[in-house]
>>> print(open('model_25.cif').read())   # mmCIF, C-alpha atoms
data_final
#
loop_
_atom_site.group_PDB
_atom_site.id
_atom_site.type_symbol
_atom_site.label_atom_id
_atom_site.label_comp_id
_atom_site.auth_asym_id
_atom_site.auth_seq_id
_atom_site.Cartn_x
_atom_site.Cartn_y
_atom_site.Cartn_z
ATOM 1 C CA MET A 1 -66.994 53.585 28.043
ATOM 2 C CA THR A 2 -66.436 52.731 24.426
ATOM 3 C CA ALA A 3 -63.024 54.300 24.526
ATOM 4 C CA ARG A 4 -62.019 52.196 27.530
ATOM 5 C CA ARG A 5 -63.065 49.050 25.736
ATOM 6 C CA VAL A 6 -61.048 50.011 22.722
ATOM 7 C CA LEU A 7 -58.013 50.719 24.875
ATOM 8 C CA LEU A 8 -58.417 47.359 26.557
ATOM 9 C CA LEU A 9 -58.526 45.659 23.205
ATOM 10 C CA VAL A 10 -55.410 47.520 22.073
ATOM 11 C CA TYR A 11 -53.475 46.507 25.161
ATOM 12 C CA ALA A 12 -54.568 42.908 24.669
ATOM 13 C CA GLY A 13 -53.426 43.042 21.060
ATOM 14 C CA VAL A 14 -50.022 44.479 21.943
ATOM 15 C CA LEU A 15 -49.591 41.867 24.652
ATOM 16 C CA ALA A 16 -50.420 39.146 22.153
ATOM 17 C CA LEU A 17 -47.873 40.482 19.660
ATOM 18 C CA VAL A 18 -45.148 40.695 22.286
ATOM 19 C CA THR A 19 -45.880 37.149 23.360
ATOM 20 C CA ALA A 20 -45.751 35.958 19.767
ATOM 21 C CA ARG A 21 -42.422 37.726 19.260
ATOM 22 C CA GLY A 22 -40.958 35.955 22.266
ATOM 23 C CA GLY A 23 -42.162 32.644 20.940
ATOM 24 C CA ALA A 24 -40.556 33.203 17.570
ATOM 25 C CA SER A 25 -37.275 34.091 19.208
ATOM 26 C CA HIS A 26 -37.380 30.959 21.271
ATOM 27 C CA ALA A 27 -38.090 28.815 18.236
ATOM 28 C CA SER A 28 -35.080 30.279 16.462
ATOM 29 C CA ASN A 29 -32.790 29.538 19.349
ATOM 30 C CA GLY A 30 -34.088 26.032 19.409
ATOM 31 C CA GLN A 31 -32.638 25.125 16.018
ATOM 32 C CA PRO A 32 -30.082 22.337 15.964
ATOM 33 C CA ALA A 33 -26.656 23.456 16.997
ATOM 34 C CA LYS A 34 -24.504 24.128 13.997
ATOM 35 C CA SER A 35 -20.913 23.109 14.161
ATOM 36 C CA SER A 36 -18.193 25.068 12.477
ATOM 37 C CA ALA A 37 -14.631 23.987 12.417
ATOM 38 C CA PRO A 38 -12.488 26.737 13.819
ATOM 39 C CA GLN A 39 -10.183 28.455 11.425
ATOM 40 C CA THR A 40 -6.931 30.069 12.191
ATOM 41 C CA SER A 41 -5.828 33.107 10.335
ATOM 42 C CA SER A 42 -2.602 33.691 12.186
ATOM 43 C CA ALA A 43 0.461 31.680 11.438
ATOM 44 C CA GLN A 44 1.350 29.239 14.119
ATOM 45 C CA SER A 45 4.260 26.931 14.380
ATOM 46 C CA SER A 46 3.320 23.579 13.035
ATOM 47 C CA GLN A 47 6.497 21.658 12.541
ATOM 48 C CA PRO A 48 8.333 19.566 15.045
ATOM 49 C CA ALA A 49 11.430 20.894 16.645
ATOM 50 C CA THR A 50 13.021 17.509 16.644
ATOM 51 C CA SER A 51 13.414 14.847 14.063
ATOM 52 C CA SER A 52 11.603 11.587 14.109
ATOM 53 C CA GLY A 53 12.320 9.022 16.717
ATOM 54 C CA GLY A 54 10.879 6.568 14.288
ATOM 55 C CA GLY A 55 8.218 4.077 14.025
ATOM 56 C CA SER A 56 4.863 3.246 15.279
ATOM 57 C CA GLY A 57 5.399 2.873 18.917
ATOM 58 C CA SER A 58 2.132 4.059 20.293
ATOM 59 C CA GLY A 59 -0.640 1.849 21.398
ATOM 60 C CA SER A 60 -4.247 1.823 20.488
ATOM 61 C CA GLY A 61 -4.711 5.336 21.778
ATOM 62 C CA GLY A 62 -2.784 6.868 18.906
ATOM 63 C CA ILE A 63 0.069 9.302 19.143
ATOM 64 C CA PRO A 64 -0.096 11.571 22.164
ATOM 65 C CA GLN A 65 -0.307 15.260 21.435
ATOM 66 C CA ASN A 66 2.054 18.009 22.488
ATOM 67 C CA ASN A 67 5.261 16.507 21.161
ATOM 68 C CA GLY A 68 4.493 13.102 22.528
ATOM 69 C CA GLY A 69 4.822 9.761 20.830
ATOM 70 C CA ASP A 70 6.975 9.788 17.731
ATOM 71 C CA HIS A 71 7.522 13.578 17.755
ATOM 72 C CA ASP A 72 5.805 14.028 14.426
ATOM 73 C CA GLY A 73 4.614 17.395 13.337
ATOM 74 C CA ASP A 74 1.102 16.126 13.880
ATOM 75 C CA ASN A 75 1.803 15.995 17.577
ATOM 76 C CA ASN A 76 2.644 19.678 17.556
ATOM 77 C CA GLY A 77 -0.136 21.203 15.558
ATOM 78 C CA GLY A 78 1.226 20.141 12.177
ATOM 79 C CA PRO A 79 -0.669 18.117 9.594
ATOM 80 C CA SER A 80 -1.265 14.471 10.366
ATOM 81 C CA ASP A 81 1.047 12.044 8.617
ATOM 82 C CA GLY A 82 0.100 8.731 7.123
ATOM 83 C CA ASP A 83 1.063 6.451 9.946
ATOM 84 C CA GLY A 84 -1.548 3.904 10.731
ATOM 85 C CA ASN A 85 -0.455 2.729 14.095
ATOM 86 C CA THR A 86 -3.503 1.773 16.007
ATOM 87 C CA MET B 1 -67.277 67.036 22.614
ATOM 88 C CA HIS B 2 -67.256 63.785 24.538
ATOM 89 C CA LEU B 3 -67.907 61.846 21.350
ATOM 90 C CA ARG B 4 -65.028 63.633 19.584
ATOM 91 C CA ARG B 5 -62.644 62.683 22.452
ATOM 92 C CA ASN B 6 -63.669 59.046 22.229
ATOM 93 C CA TRP B 7 -62.925 58.966 18.533
ATOM 94 C CA ALA B 8 -59.515 60.496 19.154
ATOM 95 C CA ILE B 9 -58.742 57.750 21.616
ATOM 96 C CA VAL B 10 -59.905 55.105 19.181
ATOM 97 C CA ILE B 11 -57.715 56.485 16.398
ATOM 98 C CA ALA B 12 -54.699 56.749 18.687
ATOM 99 C CA ALA B 13 -55.200 53.208 19.875
ATOM 100 C CA ALA B 14 -55.465 51.927 16.339
ATOM 101 C CA GLY B 15 -52.230 53.699 15.529
ATOM 102 C CA VAL B 16 -50.422 52.112 18.442
ATOM 103 C CA LEU B 17 -51.697 48.720 17.407
ATOM 104 C CA ALA B 18 -50.541 49.234 13.834
ATOM 105 C CA VAL B 19 -47.061 50.296 14.923
ATOM 106 C CA ALA B 20 -46.778 47.297 17.231
ATOM 107 C CA ALA B 21 -47.808 44.981 14.429
ATOM 108 C CA VAL B 22 -45.210 46.433 12.060
ATOM 109 C CA VAL B 23 -42.464 46.130 14.676
ATOM 110 C CA ALA B 24 -43.425 42.543 15.380
ATOM 111 C CA LEU B 25 -43.388 41.661 11.688
ATOM 112 C CA MET B 26 -39.982 43.278 11.176
ATOM 113 C CA PHE B 27 -38.559 41.370 14.095
ATOM 114 C CA ALA B 28 -39.984 38.088 12.859
ATOM 115 C CA ARG B 29 -38.398 38.647 9.429
ATOM 116 C CA GLY B 30 -35.072 39.458 11.028
ATOM 117 C CA GLN B 31 -35.161 36.220 12.950
ATOM 118 C CA ALA B 32 -35.934 34.186 9.869
ATOM 119 C CA GLY B 33 -33.203 35.859 7.835
ATOM 120 C CA SER B 34 -30.418 35.645 10.373
ATOM 121 C CA GLY B 35 -30.381 31.838 10.580
ATOM 122 C CA PRO B 36 -28.933 30.856 7.229
ATOM 123 C CA THR B 37 -26.487 33.729 7.001
ATOM 124 C CA SER B 38 -24.947 32.986 10.351
ATOM 125 C CA ALA B 39 -24.705 29.280 9.680
ATOM 126 C CA PRO B 40 -21.375 28.110 8.259
ATOM 127 C CA ALA B 41 -21.602 26.754 4.764
ATOM 128 C CA GLN B 42 -20.112 23.477 5.835
ATOM 129 C CA SER B 43 -22.783 22.788 8.397
ATOM 130 C CA GLN B 44 -25.903 23.136 6.333
ATOM 131 C CA PRO B 45 -28.654 20.687 7.115
ATOM 132 C CA ALA B 46 -28.172 17.298 5.581
ATOM 133 C CA ALA B 47 -31.158 17.783 3.332
ATOM 134 C CA SER B 48 -29.355 20.506 1.381
ATOM 135 C CA GLN B 49 -26.240 18.432 0.813
ATOM 136 C CA PRO B 50 -25.814 16.049 -2.078
ATOM 137 C CA ALA B 51 -26.020 12.356 -1.401
ATOM 138 C CA PRO B 52 -22.646 10.819 -0.448
ATOM 139 C CA SER B 53 -22.276 9.005 -3.744
ATOM 140 C CA GLN B 54 -22.934 12.200 -5.669
ATOM 141 C CA ALA B 55 -20.472 14.114 -3.528
ATOM 142 C CA ALA B 56 -17.834 11.431 -3.951
ATOM 143 C CA SER B 57 -18.080 11.208 -7.694
ATOM 144 C CA ALA B 58 -18.128 14.955 -8.067
ATOM 145 C CA SER B 59 -15.253 15.463 -5.654
ATOM 146 C CA PHE B 60 -12.955 13.009 -7.423
ATOM 147 C CA ALA B 61 -13.821 13.904 -10.969
ATOM 148 C CA TRP B 62 -10.405 15.525 -11.087
ATOM 149 C CA PHE B 63 -8.588 12.237 -10.516
ATOM 150 C CA ARG B 64 -6.846 10.566 -13.392
ATOM 151 C CA SER B 65 -3.468 9.027 -12.750
ATOM 152 C CA GLU B 66 -0.812 10.625 -14.872
ATOM 153 C CA THR B 67 2.883 11.209 -15.060
ATOM 154 C CA ALA B 68 4.037 14.148 -13.000
ATOM 155 C CA PRO B 69 5.535 17.198 -14.731
ATOM 156 C CA ALA B 70 9.070 16.607 -15.938
ATOM 157 C CA SER B 71 10.419 19.385 -13.740
ATOM 158 C CA TRP B 72 9.188 17.716 -10.577
ATOM 159 C CA LEU B 73 11.457 15.728 -8.312
ATOM 160 C CA ARG B 74 10.898 12.251 -6.993
ATOM 161 C CA ALA B 75 11.312 10.558 -3.634
ATOM 162 C CA SER B 76 10.674 6.911 -2.933
ATOM 163 C CA LEU B 77 9.890 4.610 -0.098
ATOM 164 C CA ALA B 78 12.242 1.707 0.410
ATOM 165 C CA GLY B 79 12.105 -0.689 -2.490
ATOM 166 C CA GLN B 80 10.371 1.879 -4.667
ATOM 167 C CA SER B 81 7.086 0.653 -3.238
ATOM 168 C CA GLY B 82 5.810 4.199 -3.383
ATOM 169 C CA VAL B 83 7.146 7.041 -5.473
ATOM 170 C CA LEU B 84 6.177 10.594 -4.623
ATOM 171 C CA SER B 85 6.555 13.280 -7.252
ATOM 172 C CA TYR B 86 6.696 16.815 -5.952
ATOM 173 C CA PRO B 87 7.531 20.314 -7.205
ATOM 174 C CA SER B 88 11.069 21.454 -6.607
ATOM 175 C CA MET B 89 10.010 24.332 -4.394
ATOM 176 C CA LEU B 90 9.213 21.864 -1.624
ATOM 177 C CA ARG B 91 11.757 20.918 0.990
ATOM 178 C CA PRO B 92 12.256 17.754 3.004
ATOM 179 C CA LEU B 93 10.623 17.803 6.397
ATOM 180 C CA SER B 94 11.238 15.602 9.370
ATOM 181 C CA GLY B 95 9.027 12.606 9.803
ATOM 182 C CA ASP B 96 8.964 9.023 10.936
ATOM 183 C CA ALA B 97 11.813 6.766 9.936
ATOM 184 C CA GLY B 98 11.089 4.999 6.691
ATOM 185 C CA THR B 99 8.683 7.647 5.481
ATOM 186 C CA VAL B 100 8.981 10.404 2.894
ATOM 187 C CA THR B 101 7.910 13.908 3.844
ATOM 188 C CA TYR B 102 8.185 17.106 1.814
ATOM 189 C CA GLY B 103 6.502 20.424 2.274
ATOM 190 C CA LEU B 104 6.503 24.160 2.270
ATOM 191 C CA ASN B 105 6.211 26.260 5.388
ATOM 192 C CA THR B 106 5.887 29.939 6.060
ATOM 193 C CA ARG B 107 8.795 31.684 7.735
ATOM 194 C CA ALA B 108 6.854 31.400 10.953
ATOM 195 C CA GLY B 109 6.718 27.646 10.507
ATOM 196 C CA ALA B 110 3.101 27.300 9.462
ATOM 197 C CA ALA B 111 2.508 24.479 7.015
ATOM 198 C CA LEU B 112 1.402 25.577 3.564
ATOM 199 C CA ILE B 113 1.975 22.310 1.746
ATOM 200 C CA TYR B 114 2.528 18.986 3.438
ATOM 201 C CA LEU B 115 3.199 15.734 1.615
ATOM 202 C CA ASN B 116 3.862 12.471 3.373
ATOM 203 C CA VAL B 117 4.156 8.893 2.224
ATOM 204 C CA THR B 118 4.192 6.180 4.837
ATOM 205 C CA PRO B 119 4.290 2.423 4.347
ATOM 206 C CA ARG B 120 1.147 0.690 5.511
ATOM 207 C CA GLN B 121 1.438 0.193 9.238
ATOM 208 C CA GLY B 122 -1.978 -0.729 10.539
ATOM 209 C CA GLY B 123 -5.138 -2.431 9.459
ATOM 210 C CA GLU B 124 -6.028 -0.069 6.647
ATOM 211 C CA THR B 125 -7.480 -1.656 3.536
ATOM 212 C CA LEU B 126 -9.177 -0.521 0.381
ATOM 213 C CA GLN B 127 -12.481 -1.424 1.940
ATOM 214 C CA ASN B 128 -12.150 0.372 5.260
ATOM 215 C CA TRP B 129 -10.003 3.344 4.255
ATOM 216 C CA PRO B 130 -12.453 6.251 4.756
ATOM 217 C CA GLY B 131 -13.469 5.083 8.215
ATOM 218 C CA PHE B 132 -9.947 4.069 9.114
ATOM 219 C CA ARG B 133 -8.532 7.490 8.300
ATOM 220 C CA ALA B 134 -11.211 9.358 10.202
ATOM 221 C CA GLU B 135 -10.830 7.119 13.210
ATOM 222 C CA HIS B 136 -7.071 7.439 13.141
ATOM 223 C CA LEU B 137 -7.259 11.221 13.079
ATOM 224 C CA ARG B 138 -9.516 11.157 16.097
ATOM 225 C CA GLU B 139 -7.200 8.771 17.914
ATOM 226 C CA ASP B 140 -4.358 11.167 17.225
ATOM 227 C CA GLY B 141 -6.302 13.816 19.074
ATOM 228 C CA GLU B 142 -7.588 15.784 16.106
ATOM 229 C CA THR B 143 -11.005 17.299 16.525
ATOM 230 C CA ALA B 144 -13.839 18.266 14.219
ATOM 231 C CA VAL B 145 -12.789 15.447 11.895
ATOM 232 C CA ARG B 146 -15.014 15.438 8.872
ATOM 233 C CA ILE B 147 -14.869 13.315 5.737
ATOM 234 C CA ASP B 148 -15.816 15.651 2.929
ATOM 235 C CA ALA B 149 -15.655 13.049 0.172
ATOM 236 C CA ALA B 150 -14.631 9.442 -0.242
ATOM 237 C CA SER B 151 -13.690 7.894 -3.528
ATOM 238 C CA GLY B 152 -14.339 4.465 -4.851
ATOM 239 C CA THR B 153 -11.411 2.408 -6.063
ATOM 240 C CA LEU B 154 -9.080 4.565 -8.129
ATOM 241 C CA SER B 155 -6.454 3.427 -10.602
ATOM 242 C CA PHE B 156 -3.058 4.732 -9.642
ATOM 243 C CA ARG B 157 0.116 4.248 -11.597
ATOM 244 C CA GLY B 158 1.099 0.712 -10.714
ATOM 245 C CA GLY B 159 -1.809 -0.116 -8.449
ATOM 246 C CA GLN B 160 -5.131 0.769 -6.934
ATOM 247 C CA GLY B 161 -6.181 2.989 -4.128
ATOM 248 C CA ARG B 162 -8.900 4.867 -2.375
ATOM 249 C CA CYS B 163 -8.839 8.472 -1.251
ATOM 250 C CA VAL B 164 -10.720 10.722 1.069
ATOM 251 C CA VAL B 165 -10.841 14.461 1.256
ATOM 252 C CA ASP B 166 -11.254 15.451 4.851
ATOM 253 C CA ASP B 167 -10.609 18.273 7.240
ATOM 254 C CA TYR B 168 -9.819 18.412 10.908
ATOM 255 C CA THR B 169 -8.555 20.688 13.630
ATOM 256 C CA THR B 170 -5.432 19.903 15.597
ATOM 257 C CA LYS B 171 -5.571 19.753 19.339
ATOM 258 C CA ILE B 172 -2.375 21.753 19.509
ATOM 259 C CA HIS B 173 -2.716 25.300 18.124
ATOM 260 C CA ASN B 174 -6.181 24.555 16.725
ATOM 261 C CA ASN B 175 -4.841 24.457 13.183
ATOM 262 C CA HIS B 176 -7.500 23.627 10.648
ATOM 263 C CA TYR B 177 -6.195 21.396 7.851
ATOM 264 C CA ARG B 178 -7.753 19.929 4.770
ATOM 265 C CA GLU B 179 -6.140 16.903 3.196
ATOM 266 C CA ILE B 180 -6.334 14.333 0.483
ATOM 267 C CA ALA B 181 -5.460 11.047 2.137
ATOM 268 C CA CYS B 182 -5.036 7.968 -0.030
ATOM 269 C CA TYR B 183 -4.407 4.328 0.666
ATOM 270 C CA VAL B 184 -2.669 2.808 -2.343
ATOM 271 C CA GLN B 185 -1.547 -0.734 -2.903
ATOM 272 C CA GLY B 186 0.485 -2.250 -5.697
ATOM 273 C CA ALA B 187 -1.072 -4.437 -8.291
ATOM 274 C CA THR B 188 1.012 -7.384 -7.188
ATOM 275 C CA SER B 189 0.809 -7.268 -3.418
ATOM 276 C CA ALA B 190 -1.078 -5.463 -0.673
ATOM 277 C CA HIS B 191 1.950 -5.946 1.548
ATOM 278 C CA THR B 192 3.656 -3.049 -0.167
ATOM 279 C CA ALA B 193 0.740 -0.698 0.310
ATOM 280 C CA SER B 194 1.317 2.860 1.390
ATOM 281 C CA VAL B 195 -0.529 5.927 2.559
ATOM 282 C CA LEU B 196 -0.182 9.248 0.782
ATOM 283 C CA ILE B 197 -1.111 12.458 2.562
ATOM 284 C CA ALA B 198 -1.372 15.765 0.720
ATOM 285 C CA ALA B 199 -2.492 18.533 3.034
ATOM 286 C CA THR B 200 -2.683 22.246 3.460
ATOM 287 C CA ARG B 201 -4.470 24.616 5.749
ATOM 288 C CA ALA B 202 -8.159 24.877 5.095
ATOM 289 C CA VAL B 203 -7.738 28.581 4.440
ATOM 290 C CA THR B 204 -5.099 27.922 1.760
ATOM 291 C CA TRP B 205 -6.934 25.094 0.037
ATOM 292 C CA ALA B 206 -8.030 27.376 -2.769
ATOM 293 C CA GLN B 207 -4.389 28.266 -3.361
ATOM 294 C CA TYR B 208 -2.798 24.831 -3.123
ATOM 295 C CA GLY B 209 -5.624 22.344 -3.607
ATOM 296 C CA THR B 210 -4.981 21.878 -7.312
ATOM 297 C CA LEU B 211 -1.301 21.229 -6.701
ATOM 298 C CA LEU B 212 -2.160 18.644 -4.073
ATOM 299 C CA GLU B 213 -4.457 16.931 -6.543
ATOM 300 C CA GLN B 214 -1.638 16.893 -9.065
ATOM 301 C CA VAL B 215 0.620 15.236 -6.508
ATOM 302 C CA VAL B 216 -1.991 12.555 -5.894
ATOM 303 C CA LYS B 217 -2.477 11.952 -9.612
ATOM 304 C CA GLY B 218 1.257 11.476 -10.044
ATOM 305 C CA TYR B 219 1.750 9.059 -7.168
ATOM 306 C CA ALA B 220 3.061 5.669 -8.268
ATOM 307 C CA VAL B 221 3.344 2.304 -6.549
ATOM 308 C CA LYS B 222 4.467 -1.139 -7.452
#
>>> encode(input="model_25.cif", output="structure tokens")
Amino acid sequence: MTARRVLLLVYAGVLALVTARGGASHASNGQPAKSSAPQTSSAQSSQPATSSGGGSGSGSGGIPQNNGGDHDGDNNGGPSDGDGNT
Amino acid sequence: MHLRRNWAIVIAAAGVLAVAAVVALMFARGQAGSGPTSAPAQSQPAASQPAPSQAASASFAWFRSETAPASWLRASLAGQSGVLSYPSMLRPLSGDAGTVTYGLNTRAGAALIYLNVTPRQGGETLQNWPGFRAEHLREDGETAVRIDAASGTLSFRGGQGRCVVDDYTTKIHNNHYREIACYVQGATSAHTASVLIAATRAVTWAQYGTLLEQVVKGYAVK
């Protein structure tokens, strides 16, 4: 009888530990999402294939991407230039 | 005999409980340790980062306007309103009409160094420059735009300016760049103000960052 009680207590203890472990895991997942800017290790083309069409012709939405707008490199994955057309 | 069996059960049960406790403790430690190591350095909680003013002053401690090395070449905006000094290894790159753009690319076309000077075109001012630049990058479709440091008013050769160090990811190709972007105006007139961009890939900042700073220090306006 004593042995059964002890076994019952052991099972209860293990169950409590498993429950606690699940709680800790949940708390960890609940941390604020951390942002990380993606990095590229492979070389990718970043310069425009065409020369500038000139000027600040875009509207308030900025220069469209994918070779839109003024055909800057920054519309093709290149660094952003210093135009301030807004 | 019966008593001996009961004791055996008790000892076995205690052993199981001890093993379970050890496993649970090890798991809990693993959870606690994995958080910080998996978190990118640039996204630490705000509490661990220096205050903005501290970051700004520390980040621009390198700035002191100075004459560029004698071996460097020069390129100017119309009317000499902005004069860019750059090392001779750089080559002219295409850009908007009326702007000056020099850089260095890999054979595959990836930008290693990118310098651009553009006459003031929008509503940028000394006061709003950090916010203006970040907003403009976002309007251009860049993502993950982050201002890493913003200067106060800096004394350039021939005028005053403000700079930011920021990084962003392009929508096309997901290129991650880090730049020094400065708004600089002449001492005589804000109408001849210009924007200087000195950028490289975030992964090559350690290699070219000092050169970019040197370019910024040598920029002159009138």
>>> residues_around(input="model_25.cif", residues="Thr188 of chain B", least_positions_apart="5", cutoff="9 Å", atoms="all atoms listed in the file", output="PyMOL selection string")
chain B and resi 158-159+222
>>> resolve_selection(input="model_25.cif", expression="the PyMOL selection byres ((chain B and resi 145) around 10)", output="PyMOL selection string")
(chain A and resi 37) or (chain B and resi 133-138+141-144+146-148+166-170+176-178)
>>> write_last_selection(input="model_25.cif", atoms="C-alpha atoms", output="mmCIF file, in the frame of the given file")
data_model
loop_
_atom_site.group_PDB
_atom_site.id
_atom_site.type_symbol
_atom_site.label_atom_id
_atom_site.label_comp_id
_atom_site.auth_asym_id
_atom_site.auth_seq_id
_atom_site.Cartn_x
_atom_site.Cartn_y
_atom_site.Cartn_z
ATOM 1 C CA ALA A 37 -14.631 23.987 12.417
ATOM 2 C CA ARG B 133 -8.532 7.490 8.300
ATOM 3 C CA ALA B 134 -11.211 9.358 10.202
ATOM 4 C CA GLU B 135 -10.830 7.119 13.210
ATOM 5 C CA HIS B 136 -7.071 7.439 13.141
ATOM 6 C CA LEU B 137 -7.259 11.221 13.079
ATOM 7 C CA ARG B 138 -9.516 11.157 16.097
ATOM 8 C CA GLY B 141 -6.302 13.816 19.074
ATOM 9 C CA GLU B 142 -7.588 15.784 16.106
ATOM 10 C CA THR B 143 -11.005 17.299 16.525
ATOM 11 C CA ALA B 144 -13.839 18.266 14.219
ATOM 12 C CA ARG B 146 -15.014 15.438 8.872
ATOM 13 C CA ILE B 147 -14.869 13.315 5.737
ATOM 14 C CA ASP B 148 -15.816 15.651 2.929
ATOM 15 C CA ASP B 166 -11.254 15.451 4.851
ATOM 16 C CA ASP B 167 -10.609 18.273 7.240
ATOM 17 C CA TYR B 168 -9.819 18.412 10.908
ATOM 18 C CA THR B 169 -8.555 20.688 13.630
ATOM 19 C CA THR B 170 -5.432 19.903 15.597
ATOM 20 C CA HIS B 176 -7.500 23.627 10.648
ATOM 21 C CA TYR B 177 -6.195 21.396 7.851
ATOM 22 C CA ARG B 178 -7.753 19.929 4.770
#
>>> closest_residue(input="model_25.cif", among="B:Ala220, B:Tyr208, B:Arg64, B:Cys163", to="Leu104 of chain B", atoms="all atoms listed in the file")
B:Tyr208
>>> atom_distance(input="model_25.cif", atom1="atom CA of Leu126 of chain B", atom2="atom CA of Ala199 of chain B")
20.4 Å
>>> atom_distance(input="model_25.cif", atom1="atom CA of Ile180 of chain B", atom2="atom CA of Gln160 of chain B")
15.5 Å
>>> atom_distance(input="model_25.cif", atom1="atom CA of Gly103 of chain B", atom2="atom CA of Tyr86 of chain B")
9.0 Å
>>> resolve_selection(input="model_25.cif", expression="the PyMOL selection byres ((chain B and resi 116) around 7)", output="ChimeraX atom specification")
/A:81-82 /B:100-102,114-115,117-118,196-198
>>> closest_residue(input="model_25.cif", among="B:Pro130, B:Thr106, B:Gly122, B:Thr99", to="chain A", atoms="all atoms listed in the file")
B:Gly122
>>> closest_residue(input="model_25.cif", among="B:Leu112, B:Val215, B:Ala97, B:Val165", to="Glu66 of chain B", atoms="all atoms listed in the file")
B:Val215
>>> decode(input="model_25.cif", residues="segment 168-179 of chain B", atoms="N, CA and C atoms", output="PDB file, in the first residue's frame")
ATOM      1  N   TYR B 168      19.385  49.540 -44.744  1.00  0.00           N
ATOM      2  CA  TYR B 168      18.096  49.177 -45.319  1.00  0.00           C
ATOM      3  C   TYR B 168      18.287  48.009 -46.269  1.00  0.00           C
ATOM      4  N   THR B 169      17.197  47.421 -46.652  1.00  0.00           N
ATOM      5  CA  THR B 169      17.216  46.303 -47.589  1.00  0.00           C
ATOM      6  C   THR B 169      16.392  46.674 -48.813  1.00  0.00           C
ATOM      7  N   THR B 170      16.970  46.455 -49.984  1.00  0.00           N
ATOM      8  CA  THR B 170      16.262  46.833 -51.201  1.00  0.00           C
ATOM      9  C   THR B 170      15.150  45.828 -51.504  1.00  0.00           C
ATOM     10  N   LYS B 171      14.123  46.348 -52.114  1.00  0.00           N
ATOM     11  CA  LYS B 171      13.013  45.480 -52.491  1.00  0.00           C
ATOM     12  C   LYS B 171      13.468  44.522 -53.597  1.00  0.00           C
ATOM     13  N   ILE B 172      14.258  45.051 -54.500  1.00  0.00           N
ATOM     14  CA  ILE B 172      14.795  44.216 -55.568  1.00  0.00           C
ATOM     15  C   ILE B 172      16.100  43.566 -55.089  1.00  0.00           C
ATOM     16  N   HIS B 173      16.185  42.294 -55.178  1.00  0.00           N
ATOM     17  CA  HIS B 173      17.378  41.495 -54.829  1.00  0.00           C
ATOM     18  C   HIS B 173      17.656  41.415 -53.326  1.00  0.00           C
ATOM     19  N   ASN B 174      16.864  42.120 -52.529  1.00  0.00           N
ATOM     20  CA  ASN B 174      17.081  42.059 -51.073  1.00  0.00           C
ATOM     21  C   ASN B 174      18.514  42.393 -50.676  1.00  0.00           C
ATOM     22  N   ASN B 175      19.096  43.369 -51.329  1.00  0.00           N
ATOM     23  CA  ASN B 175      20.452  43.782 -50.962  1.00  0.00           C
ATOM     24  C   ASN B 175      20.409  44.623 -49.693  1.00  0.00           C
ATOM     25  N   HIS B 176      21.296  44.315 -48.803  1.00  0.00           N
ATOM     26  CA  HIS B 176      21.338  45.018 -47.516  1.00  0.00           C
ATOM     27  C   HIS B 176      22.480  46.033 -47.545  1.00  0.00           C
ATOM     28  N   TYR B 177      22.141  47.307 -47.519  1.00  0.00           N
ATOM     29  CA  TYR B 177      23.150  48.366 -47.594  1.00  0.00           C
ATOM     30  C   TYR B 177      23.210  49.133 -46.279  1.00  0.00           C
ATOM     31  N   ARG B 178      24.384  49.675 -46.073  1.00  0.00           N
ATOM     32  CA  ARG B 178      24.583  50.596 -44.940  1.00  0.00           C
ATOM     33  C   ARG B 178      25.192  51.861 -45.529  1.00  0.00           C
ATOM     34  N   GLU B 179      24.698  52.993 -45.126  1.00  0.00           N
ATOM     35  CA  GLU B 179      25.129  54.242 -45.745  1.00  0.00           C
ATOM     36  C   GLU B 179      25.353  55.334 -44.716  1.00  0.00           C
TER      37      GLU B 179
END
